[in-house]
$ cat structure.cif   # mmCIF, C-alpha atoms
data_model
loop_
_atom_site.label_atom_id
_atom_site.label_comp_id
_atom_site.auth_asym_id
_atom_site.auth_seq_id
_atom_site.Cartn_x
_atom_site.Cartn_y
_atom_site.Cartn_z
CA MET D 30 74.47 25.01 86.39
CA TYR D 31 72.91 26.78 83.41
CA PHE D 32 75.38 25.47 80.84
CA ALA D 33 75.07 21.88 82.05
CA ARG D 34 71.61 21.71 80.53
CA ARG D 35 72.98 22.63 77.12
CA ASP D 36 76.30 20.77 77.09
CA ALA D 37 77.64 18.63 79.91
CA LYS D 38 81.19 19.57 78.91
CA PHE D 39 80.79 23.00 80.43
CA GLU D 40 80.18 21.54 83.87
CA ARG D 41 83.96 21.07 83.85
CA LEU D 42 84.53 24.81 83.61
CA VAL D 43 83.58 25.01 87.27
CA GLY D 44 86.42 23.93 89.48
CA GLY D 45 89.71 24.31 87.61
CA ILE D 46 91.89 26.30 85.23
CA ILE D 47 92.12 26.63 81.49
CA ALA D 48 95.77 26.70 80.45
CA PRO D 49 96.70 28.99 77.55
CA THR D 50 99.35 27.71 75.16
CA LEU D 51 101.78 29.12 72.64
CA ALA D 52 102.43 27.43 69.31
CA PRO D 53 105.97 26.04 68.99
CA PHE D 54 107.83 26.92 65.77
CA ASP D 55 110.95 25.34 64.33
CA GLU D 56 113.89 27.44 63.14
CA ALA D 57 112.29 27.79 59.71
CA GLY D 58 109.14 29.25 61.28
CA LYS D 59 106.97 26.20 60.65
CA ILE D 60 104.53 25.08 63.37
CA MET D 61 105.59 21.86 65.13
CA CYS D 62 102.39 19.83 64.93
CA ASP D 63 103.52 16.77 66.90
CA ALA D 64 104.90 19.03 69.63
CA ILE D 65 101.52 20.78 69.93
CA THR D 66 99.77 17.45 70.55
CA ASP D 67 102.42 16.42 73.05
CA GLN D 68 102.15 19.79 74.78
CA ALA D 69 98.38 19.38 75.17
CA ARG D 70 98.75 15.81 76.41
CA ARG D 71 101.22 16.91 79.08
CA LEU D 72 99.09 19.81 80.30
CA THR D 73 96.01 17.64 80.70
CA ARG D 74 97.95 15.44 83.12
CA ILE D 75 98.13 18.33 85.59
CA GLU D 76 95.56 18.03 88.35
CA GLY D 77 93.15 20.93 88.13
CA VAL D 78 93.62 21.66 84.42
CA ILE D 79 90.18 21.37 82.86
CA GLY D 80 90.97 22.72 79.41
CA ILE D 81 93.35 24.45 77.03
CA THR D 82 93.05 27.57 74.95
CA VAL D 83 94.99 28.09 71.72
CA ASN D 84 95.83 30.92 69.30
CA THR D 85 95.96 33.07 72.39
CA THR D 86 98.12 36.09 71.63
CA VAL D 87 97.01 38.64 69.05
CA ARG D 88 100.47 38.75 67.50
CA GLU D 89 100.85 34.98 67.22
CA ARG D 90 97.34 34.55 65.86
CA LEU D 91 98.00 37.11 63.13
CA SER D 92 101.27 35.42 62.22
CA LEU D 93 99.43 32.17 61.45
CA THR D 94 97.45 31.56 58.31
CA PRO D 95 93.76 30.59 58.76
CA ASP D 96 94.64 26.98 57.89
CA GLU D 97 97.47 26.95 60.44
CA ARG D 98 95.17 28.22 63.19
CA LEU D 99 92.80 25.35 62.47
CA GLU D 100 95.71 22.91 62.41
CA VAL D 101 96.72 24.11 65.88
CA ILE D 102 93.17 23.34 67.06
CA ARG D 103 93.21 19.88 65.47
CA CYS D 104 96.64 19.01 66.89
CA THR D 105 95.61 20.18 70.36
CA ARG D 106 92.37 18.21 70.21
CA LYS D 107 94.38 15.02 69.63
CA GLY D 108 96.11 15.52 72.97
CA LEU D 109 92.97 16.07 75.05
CA VAL D 110 91.24 13.32 76.99
CA ASN D 111 88.35 12.89 79.41
CA GLY D 112 86.26 15.73 78.02
CA GLN D 113 88.72 18.57 78.53
CA ILE D 114 87.58 21.86 77.02
CA LEU D 115 89.33 23.33 73.98
CA VAL D 116 88.96 27.08 73.52
CA SER D 117 90.29 29.01 70.52
CA CYS D 118 90.80 32.75 70.21
CA VAL D 119 89.40 34.45 67.14
CA GLY D 120 89.37 38.06 66.02
CA GLU D 121 87.19 41.02 66.85
CA LEU D 122 83.53 40.20 67.42
CA SER D 123 81.69 41.01 64.20
CA GLU D 124 79.95 39.21 61.37
CA ALA D 125 83.39 38.76 59.81
CA VAL D 126 84.27 36.03 62.35
CA PHE D 127 81.13 33.91 61.79
CA ASP D 128 82.78 31.62 59.24
CA ASP D 129 85.94 31.39 61.37
CA VAL D 130 83.91 30.19 64.34
CA VAL D 131 82.19 27.52 62.23
CA ALA D 132 85.62 26.34 61.06
CA CYS D 133 86.93 26.30 64.64
CA LYS D 134 84.01 24.12 65.68
CA ALA D 135 84.65 21.70 62.82
CA ALA D 136 88.34 21.51 63.81
CA GLY D 137 87.47 20.54 67.38
CA ALA D 138 87.00 23.72 69.44
CA ASP D 139 84.33 23.78 72.16
CA ALA D 140 84.22 27.56 72.67
CA ILE D 141 85.87 30.72 71.41
CA ILE D 142 87.36 33.87 72.87
CA THR D 143 86.58 37.06 71.01
CA PHE D 144 86.67 40.75 71.83
CA PRO D 145 84.27 43.59 71.11
CA GLY D 146 85.49 46.44 68.97
CA ARG D 147 86.12 49.98 70.11
CA TRP D 148 83.14 51.76 71.55
CA GLN D 149 82.74 55.50 71.19
CA LYS D 150 79.94 56.61 73.44
CA GLY D 151 77.63 59.25 72.03
CA LEU D 152 77.79 58.31 68.37
CA LYS D 153 74.66 57.19 66.56
CA GLY D 154 73.91 53.60 67.44
CA GLN D 155 76.47 53.68 70.24
CA THR D 156 74.39 54.19 73.36
CA LEU D 157 75.08 51.69 76.11
CA GLY D 158 71.79 49.90 75.57
CA GLU D 159 72.37 49.62 71.84
CA ARG D 160 75.89 48.33 72.40
CA ILE D 161 74.75 45.60 74.81
CA THR D 162 71.93 44.54 72.47
CA HIS D 163 74.33 44.44 69.53
CA LEU D 164 76.92 42.33 71.40
CA ALA D 165 74.29 39.93 72.71
CA THR D 166 72.78 39.49 69.24
CA LEU D 167 76.17 38.81 67.67
CA THR D 168 77.18 36.24 70.27
CA ASP D 169 73.86 34.40 69.97
CA ARG D 170 74.42 33.98 66.23
CA LEU D 171 77.84 32.33 66.64
CA ALA D 172 78.27 28.58 66.26
CA LEU D 173 80.09 28.20 69.61
CA PRO D 174 79.75 29.59 73.13
CA VAL D 175 81.70 32.79 73.71
CA ILE D 176 84.12 34.20 76.24
CA LEU D 177 84.30 37.97 75.82
CA ALA D 178 87.78 39.42 76.28
CA HIS D 179 89.31 42.85 76.54
CA GLY D 180 91.15 42.33 73.27
CA ASN D 181 94.05 44.75 73.21
CA GLY D 182 93.16 46.19 76.60
CA ASP D 183 91.45 49.29 75.21
CA THR D 184 87.84 48.16 75.45
CA HIS D 185 85.48 47.13 78.19
CA TRP D 186 82.22 45.28 77.90
CA ALA D 187 80.25 47.83 79.89
CA GLU D 188 80.63 50.96 81.98
CA ALA D 189 79.29 49.66 85.27
CA PRO D 190 78.87 46.20 86.87
CA GLU D 191 75.10 46.30 86.39
CA ASP D 192 75.66 46.80 82.65
CA LEU D 193 77.87 43.72 82.60
CA VAL D 194 75.09 41.74 84.28
CA LEU D 195 72.67 42.95 81.61
CA LEU D 196 75.05 41.76 78.89
CA ALA D 197 75.53 38.39 80.60
CA SER D 198 71.77 37.97 80.96
CA SER D 199 71.03 39.04 77.39
CA GLY D 200 73.55 36.88 75.54
CA ARG D 201 72.54 33.23 75.80
CA GLN D 202 75.81 32.09 74.20
CA ILE D 203 78.04 34.10 76.55
CA LEU D 204 79.98 31.61 78.62
CA GLY D 205 82.18 34.01 80.56
CA PHE D 206 84.48 37.01 80.59
CA ASP D 207 88.25 37.29 80.38
CA MET D 208 89.40 40.14 82.59
CA GLY D 209 92.78 40.80 80.95
CA HIS D 210 96.13 40.53 82.72
CA ASP D 211 96.36 44.26 83.41
CA ASP D 212 92.91 44.66 84.91
CA ASN D 213 92.81 46.18 88.39
CA VAL D 214 91.51 44.31 91.41
CA LEU D 215 88.79 46.85 92.20
CA ARG D 216 87.24 46.46 88.76
CA TYR D 217 87.47 42.69 89.09
CA ASP D 218 85.69 42.73 92.45
CA GLN D 219 82.92 44.95 91.15
CA ASP D 220 82.33 42.82 88.07
CA TYR D 221 82.67 39.51 89.89
CA PHE D 222 80.14 40.11 92.62
CA ALA D 223 77.74 41.79 90.19
CA LEU D 224 77.80 38.69 87.98
CA LYS D 225 77.08 36.53 91.01
CA SER D 226 73.75 38.34 91.30
CA ALA D 227 72.78 37.66 87.69
CA SER D 228 69.61 35.72 86.97
CA ARG D 229 71.66 32.97 85.32
CA GLN D 230 75.07 31.60 86.09
CA VAL D 231 77.97 32.79 84.00
CA VAL D 232 81.46 31.41 84.47
CA LEU D 233 83.85 34.28 85.08
CA LEU D 234 87.30 33.56 83.70
CA PRO D 235 89.73 36.11 85.12
CA SER D 236 93.28 36.20 83.84
CA SER D 237 94.29 39.15 85.97
CA GLU D 238 97.28 38.02 88.02
CA ALA D 239 96.44 40.52 90.73
CA ALA D 240 92.87 39.23 90.94
CA LEU D 241 94.04 35.61 90.91
CA PHE D 242 96.17 36.27 93.98
CA HIS D 243 93.76 38.65 95.66
CA ASN D 244 90.48 36.76 95.67
CA LEU D 245 90.00 33.95 98.16
CA ASN D 246 86.92 31.79 98.56
CA THR D 247 85.14 33.35 95.61
CA GLY D 248 83.29 30.28 94.45
CA GLY D 249 83.89 27.58 91.87
CA ASP D 250 84.54 29.62 88.75
CA GLY D 251 86.88 28.49 86.03
CA VAL D 252 90.04 30.54 85.67
CA LEU D 253 92.00 31.46 82.55
CA SER D 254 95.34 32.84 83.73
CA SER D 255 98.18 34.06 81.53
CA LEU D 256 100.53 32.97 84.31
CA ALA D 257 99.70 29.38 83.35
CA TYR D 258 101.83 29.80 80.22
CA ILE D 259 104.85 29.31 82.45
CA ALA D 260 103.56 27.89 85.73
CA PRO D 261 100.48 25.71 85.12
CA HIS D 262 101.11 23.40 88.10
CA GLU D 263 101.50 26.33 90.43
CA VAL D 264 98.47 28.21 89.10
CA ALA D 265 96.32 25.08 89.42
CA ALA D 266 97.53 24.62 93.01
CA LEU D 267 96.89 28.31 93.77
CA TYR D 268 93.39 28.06 92.34
CA ALA D 269 92.62 24.97 94.43
CA ALA D 270 94.00 26.56 97.58
CA THR D 271 92.13 29.84 97.21
CA ARG D 272 88.80 28.18 96.40
CA GLY D 273 89.34 25.66 99.19
CA GLY D 274 89.98 28.31 101.79
CA GLN D 275 93.59 27.19 102.35
CA ILE D 276 94.82 30.72 102.90
CA HIS D 277 98.29 29.87 104.17
CA LYS D 278 98.97 27.54 101.24
CA ALA D 279 97.69 30.14 98.77
CA GLN D 280 99.88 32.80 100.38
CA ALA D 281 102.94 30.54 100.13
CA ILE D 282 102.33 29.98 96.40
CA HIS D 283 101.74 33.69 95.92
CA ASP D 284 104.99 34.59 97.68
CA ARG D 285 106.91 32.09 95.59
CA LEU D 286 105.56 33.36 92.27
CA ALA D 287 105.59 37.07 93.12
CA PRO D 288 109.16 37.71 91.84
CA LEU D 289 108.25 36.06 88.53
CA VAL D 290 105.07 38.14 88.20
CA LYS D 291 107.10 41.27 88.88
CA LEU D 292 109.44 40.39 85.99
CA LEU D 293 106.45 40.25 83.64
CA ASP D 294 105.25 43.75 84.48
CA GLY D 295 106.00 46.82 82.40
CA HIS D 296 106.74 45.14 79.08
CA ASP D 297 105.08 45.53 75.70
CA ALA D 298 103.09 42.60 74.32
CA ASN D 299 105.92 41.29 72.13
CA THR D 300 108.48 41.29 74.93
CA ARG D 301 105.98 39.67 77.27
CA GLU D 302 105.39 36.89 74.75
CA MET D 303 109.13 36.32 74.37
CA ILE D 304 109.45 36.08 78.15
CA TYR D 305 106.67 33.50 78.23
CA ARG D 306 108.38 31.52 75.47
CA GLU D 307 111.80 31.64 77.11
CA ILE D 308 110.52 30.44 80.47
CA ALA D 309 108.07 27.87 79.04
CA HIS D 310 110.87 26.36 76.97
CA ALA D 311 113.25 26.30 79.94
CA ARG D 312 110.61 24.47 81.98
CA CYS D 313 109.86 21.92 79.20
CA LEU D 314 106.39 23.35 78.61
CA LEU D 315 107.17 24.49 75.06
CA ALA D 316 109.18 22.60 72.46
CA SER D 317 110.88 25.71 71.08
CA PRO D 318 111.28 29.35 72.23
CA THR D 319 111.24 30.54 68.61
CA ALA D 320 108.45 32.98 67.72
CA ARG D 321 107.49 33.50 64.10
CA GLY D 322 107.58 37.15 63.09
CA LEU D 323 109.73 38.35 65.98
CA THR D 324 113.29 39.03 64.84
CA LYS D 325 114.38 40.90 67.95
CA SER D 326 115.43 38.61 70.80
CA LEU D 327 115.33 39.29 74.52
CA CYS D 328 118.23 41.36 75.76
CA PRO D 329 120.92 39.28 77.54
CA HIS D 330 120.38 41.10 80.82
CA LEU D 331 116.64 40.32 80.89
CA THR D 332 117.25 36.70 79.86
CA ALA D 333 119.78 36.29 82.66
CA SER D 334 117.35 37.84 85.15
CA LEU D 335 114.63 35.40 84.10
CA HIS D 336 116.79 32.35 84.67
CA THR D 337 118.18 33.71 87.93
CA THR D 338 114.64 34.25 89.19
CA LEU D 339 113.61 30.73 88.17
CA ASP D 340 116.56 29.35 90.14
CA ASP D 341 115.89 31.56 93.15
CA ILE D 342 112.26 30.48 93.47
CA ALA D 343 113.03 26.86 92.53
CA LEU D 344 110.79 26.86 89.48
CA GLU D 345 112.65 24.03 87.83
CA PRO D 346 112.21 22.17 84.52
CA ILE D 347 109.23 19.84 84.70
CA SER D 348 109.76 16.11 84.49
CA TRP D 349 106.89 14.42 82.65
CA VAL D 350 108.06 10.85 83.30
#
$ encode --input "structure.cif" --output "structure tokens"
Amino acid sequence: MYFARRDAKFERLVGGIIAPTLAPFDEAGKIMCDAITDQARRLTRIEGVIGITVNTTVRERLSLTPDERLEVIRCTRKGLVNGQILVSCVGELSEAVFDDVVACKAAGADAIITFPGRWQKGLKGQTLGERITHLATLTDRLALPVILAHGNGDTHWAEAPEDLVLLASSGRQILGFDMGHDDNVLRYDQDYFALKSASRQVVLLPSSEAALFHNLNTGGDGVLSSLAYIAPHEVAALYAATRGGQIHKAQAIHDRLAPLVKLLDGHDANTREMIYREIAHARCLLASPTARGLTKSLCPHLTASLHTTLDDIALEPISWV
């Protein structure tokens, strides 16, 4: 694989999932450092988990100070073993994040997730070719390999699959692409198979739940799925089943998780994060459901629906003994 020649760590991105995490806060709003390390240590014990990504939600990242974001990286790094990958989200891709990326690397990150800014076609310096050249140049100047993400869901890396291939081929530091949880399956298919025809291998990291369930036997790509906030064992098993051609097993996991996925649909980003926190805490994946900066709690009806669904599909608290 292309990245194996540069860093053997990235061989591990083929054949497993990267689990996103949320930072636990105590009642005073302080990050729980020991709990972060313990959380990372537990996740790495799950078969099929090849890495962890931190500072994942835009809202949570903005609620942390720069020092706290680096502390989250350091605490997570302590819990990783056997070469697992640590990915940290940073801000919008621009020269303003260069120093942040250097600091992330010093704290223990192996790669970063960043998102391109808004693109207004037709303005001076905003042709498609200029945009791709600009993005490739920026990524190549960063201190760590890059996964390009949608950001807030209002941008896309390119207009057509062939443009995405051009971007992947132009940016030597581009490790992969994060599809975004609300991306449609058709767009995923177009981008995925286009990237497979690229002159160099790029690890595609889809987090689209629809794409995760839809695509069977699509190769050995690494997967970053937002569903792994609350069901990392199940997502890892689903990934293994789909890539191994075990269609009936994959379908069974899909059918089991479908009611939970349905509950996540149609909510704003803050509510979605609170749902993740509520379920992750109930399943012993997160030390505290508290979210700094969110004063409004989930409505009782939604909270009850979440726990009823967990019971109905037998998604029980995880025993780590």
$ resolve_selection --input "structure.cif" --expression "the PyMOL selection byres ((chain D and resi 287) around 12)" --output "count of residues only"
26
$ resolve_selection --input "structure.cif" --expression "the PyMOL selection byres ((chain D and resi 84-87) around 7)" --output "PyMOL selection string"
chain D and resi 49-50+82-83+88-91+98+117-118
$ resolve_selection --input "structure.cif" --expression "the PyMOL selection byres ((chain D and resi 135) around 12)" --output "PDB file with C-alpha atoms, in the frame of the given file"
ATOM      1  CA  LEU D  99      92.800  25.350  62.470  1.00  0.00           C
ATOM      2  CA  GLU D 100      95.710  22.910  62.410  1.00  0.00           C
ATOM      3  CA  ILE D 102      93.170  23.340  67.060  1.00  0.00           C
ATOM      4  CA  ARG D 103      93.210  19.880  65.470  1.00  0.00           C
ATOM      5  CA  ARG D 106      92.370  18.210  70.210  1.00  0.00           C
ATOM      6  CA  ASP D 128      82.780  31.620  59.240  1.00  0.00           C
ATOM      7  CA  ASP D 129      85.940  31.390  61.370  1.00  0.00           C
ATOM      8  CA  VAL D 130      83.910  30.190  64.340  1.00  0.00           C
ATOM      9  CA  VAL D 131      82.190  27.520  62.230  1.00  0.00           C
ATOM     10  CA  ALA D 132      85.620  26.340  61.060  1.00  0.00           C
ATOM     11  CA  CYS D 133      86.930  26.300  64.640  1.00  0.00           C
ATOM     12  CA  LYS D 134      84.010  24.120  65.680  1.00  0.00           C
ATOM     13  CA  ALA D 136      88.340  21.510  63.810  1.00  0.00           C
ATOM     14  CA  GLY D 137      87.470  20.540  67.380  1.00  0.00           C
ATOM     15  CA  ALA D 138      87.000  23.720  69.440  1.00  0.00           C
ATOM     16  CA  ASP D 139      84.330  23.780  72.160  1.00  0.00           C
ATOM     17  CA  ALA D 140      84.220  27.560  72.670  1.00  0.00           C
ATOM     18  CA  ALA D 172      78.270  28.580  66.260  1.00  0.00           C
ATOM     19  CA  LEU D 173      80.090  28.200  69.610  1.00  0.00           C
TER      20      LEU D 173
END
$ closest_residue --input "structure.cif" --among "D:Cys104, D:Ala227, D:Pro53, D:Asn111" --to "Glu307 in chain D" --atoms "all atoms listed in the file"
D:Pro53
$ atom_distance --input "structure.cif" --atom1 "CA of Arg160 in chain D" --atom2 "CA of Asp218 in chain D"
23.0 Å
$ residues_around --input "structure.cif" --residues "Gln68 in chain D" --least-positions-apart "2" --cutoff "8 Å" --atoms "all atoms listed in the file" --output "VMD selection string"
chain D and resid 64 to 66 70 to 72 105 108 314 to 316
$ axis_aligned_box --input "structure.cif" --around "range 91-103 of chain D" --padding-each-side "6 Å" --output "lines of an AutoDock Vina configuration file"
center_x = 97.0
center_y = 28.5
center_z = 62.5
size_x = 20.5
size_y = 29.2
size_z = 21.2
$ residues_around --input "structure.cif" --residues "Ser326 in chain D" --least-positions-apart "3" --cutoff "10 Å" --atoms "all atoms listed in the file" --output "list in words"
Asn299, Thr300, Met303, Ile304, Thr319, Ala320, Leu323, Pro329 and Thr332 of chain D
$ atom_distance --input "structure.cif" --atom1 "CA of Ser92 in chain D" --atom2 "CA of Ala57 in chain D"
13.6 Å
$ atom_distance --input "structure.cif" --atom1 "CA of Phe206 in chain D" --atom2 "CA of Leu177 in chain D"
4.9 Å
$ closest_residue --input "structure.cif" --among "D:Ala343, D:Leu193, D:Thr162, D:Tyr258" --to "Tyr305 in chain D" --atoms "all atoms listed in the file"
D:Tyr258
$ closest_residue --input "structure.cif" --among "D:Ile142, D:Leu195, D:Ala333, D:Met61" --to "Ser226 in chain D" --atoms "only C-alpha atoms"
D:Leu195
$ residues_around --input "structure.cif" --residues "Ile114 in chain D" --least-positions-apart "3" --cutoff "7 Å" --atoms "only C-alpha atoms" --output "PyMOL selection string"
chain D and resi 79-81+139
$ residues_around --input "structure.cif" --residues "Arg170 in chain D" --least-positions-apart "6" --cutoff "10 Å" --atoms "all atoms listed in the file" --output "compact mmCIF listing (two decimals) with C-alpha atoms, in the frame of the given file"
# COMPACT_ATOMS: atom_id res chain seq x y z
CA GLU D 124 79.95 39.21 61.37
CA PHE D 127 81.13 33.91 61.79
CA GLY D 200 73.55 36.88 75.54
CA ARG D 201 72.54 33.23 75.80
CA GLN D 202 75.81 32.09 74.20
$ closest_residue --input "structure.cif" --among "D:Glu76, D:Asp169, D:Asp220, D:Glu345" --to "Cys313 in chain D" --atoms "all atoms listed in the file"
D:Glu345
$ closest_residue --input "structure.cif" --among "D:Cys62, D:Phe144, D:Leu51, D:Ser123" --to "Thr166 in chain D" --atoms "all atoms listed in the file"
D:Ser123
$ decode --input "structure.cif" --residues "range 97-111 of chain D" --atoms "N, CA, C and O atoms" --output "compact mmCIF listing (two decimals), in the first residue's frame"
# COMPACT_ATOMS: atom_id res chain seq x y z
N GLU D 97 -6.74 22.06 26.34
CA GLU D 97 -7.58 20.90 26.68
C GLU D 97 -7.66 19.93 25.51
O GLU D 97 -7.66 18.70 25.72
N ARG D 98 -7.73 20.43 24.29
CA ARG D 98 -7.75 19.54 23.13
C ARG D 98 -6.47 18.70 23.07
O ARG D 98 -6.51 17.50 22.77
N LEU D 99 -5.35 19.32 23.37
CA LEU D 99 -4.09 18.59 23.37
C LEU D 99 -4.04 17.59 24.53
O LEU D 99 -3.49 16.49 24.39
N GLU D 100 -4.63 17.96 25.66
CA GLU D 100 -4.67 17.05 26.80
C GLU D 100 -5.51 15.81 26.48
O GLU D 100 -5.18 14.70 26.89
N VAL D 101 -6.60 16.01 25.74
CA VAL D 101 -7.42 14.88 25.30
C VAL D 101 -6.58 13.93 24.43
O VAL D 101 -6.65 12.71 24.57
N ILE D 102 -5.76 14.49 23.54
CA ILE D 102 -4.89 13.67 22.71
C ILE D 102 -3.91 12.90 23.57
O ILE D 102 -3.72 11.68 23.40
N ARG D 103 -3.26 13.59 24.50
CA ARG D 103 -2.26 12.94 25.35
C ARG D 103 -2.88 11.83 26.19
O ARG D 103 -2.30 10.74 26.32
N CYS D 104 -4.04 12.09 26.76
CA CYS D 104 -4.70 11.09 27.61
C CYS D 104 -5.14 9.88 26.80
O CYS D 104 -5.06 8.74 27.26
N THR D 105 -5.59 10.12 25.57
CA THR D 105 -5.99 9.01 24.70
C THR D 105 -4.78 8.19 24.30
O THR D 105 -4.83 6.96 24.29
N ARG D 106 -3.69 8.86 23.97
CA ARG D 106 -2.47 8.17 23.57
C ARG D 106 -2.00 7.18 24.65
O ARG D 106 -1.51 6.09 24.34
N LYS D 107 -2.18 7.55 25.91
CA LYS D 107 -1.77 6.67 27.01
C LYS D 107 -2.53 5.35 26.99
O LYS D 107 -2.02 4.33 27.47
N GLY D 108 -3.75 5.37 26.46
CA GLY D 108 -4.56 4.16 26.47
C GLY D 108 -4.40 3.28 25.24
O GLY D 108 -4.99 2.20 25.17
N LEU D 109 -3.62 3.73 24.25
CA LEU D 109 -3.45 2.97 23.02
C LEU D 109 -2.26 2.03 23.11
O LEU D 109 -1.25 2.35 23.74
N VAL D 110 -2.40 0.88 22.48
CA VAL D 110 -1.32 -0.11 22.46
C VAL D 110 -1.22 -0.68 21.05
O VAL D 110 -2.10 -0.49 20.21
N ASN D 111 -0.12 -1.40 20.82
CA ASN D 111 0.06 -2.16 19.58
C ASN D 111 -0.09 -1.33 18.31
O ASN D 111 -0.61 -1.80 17.30
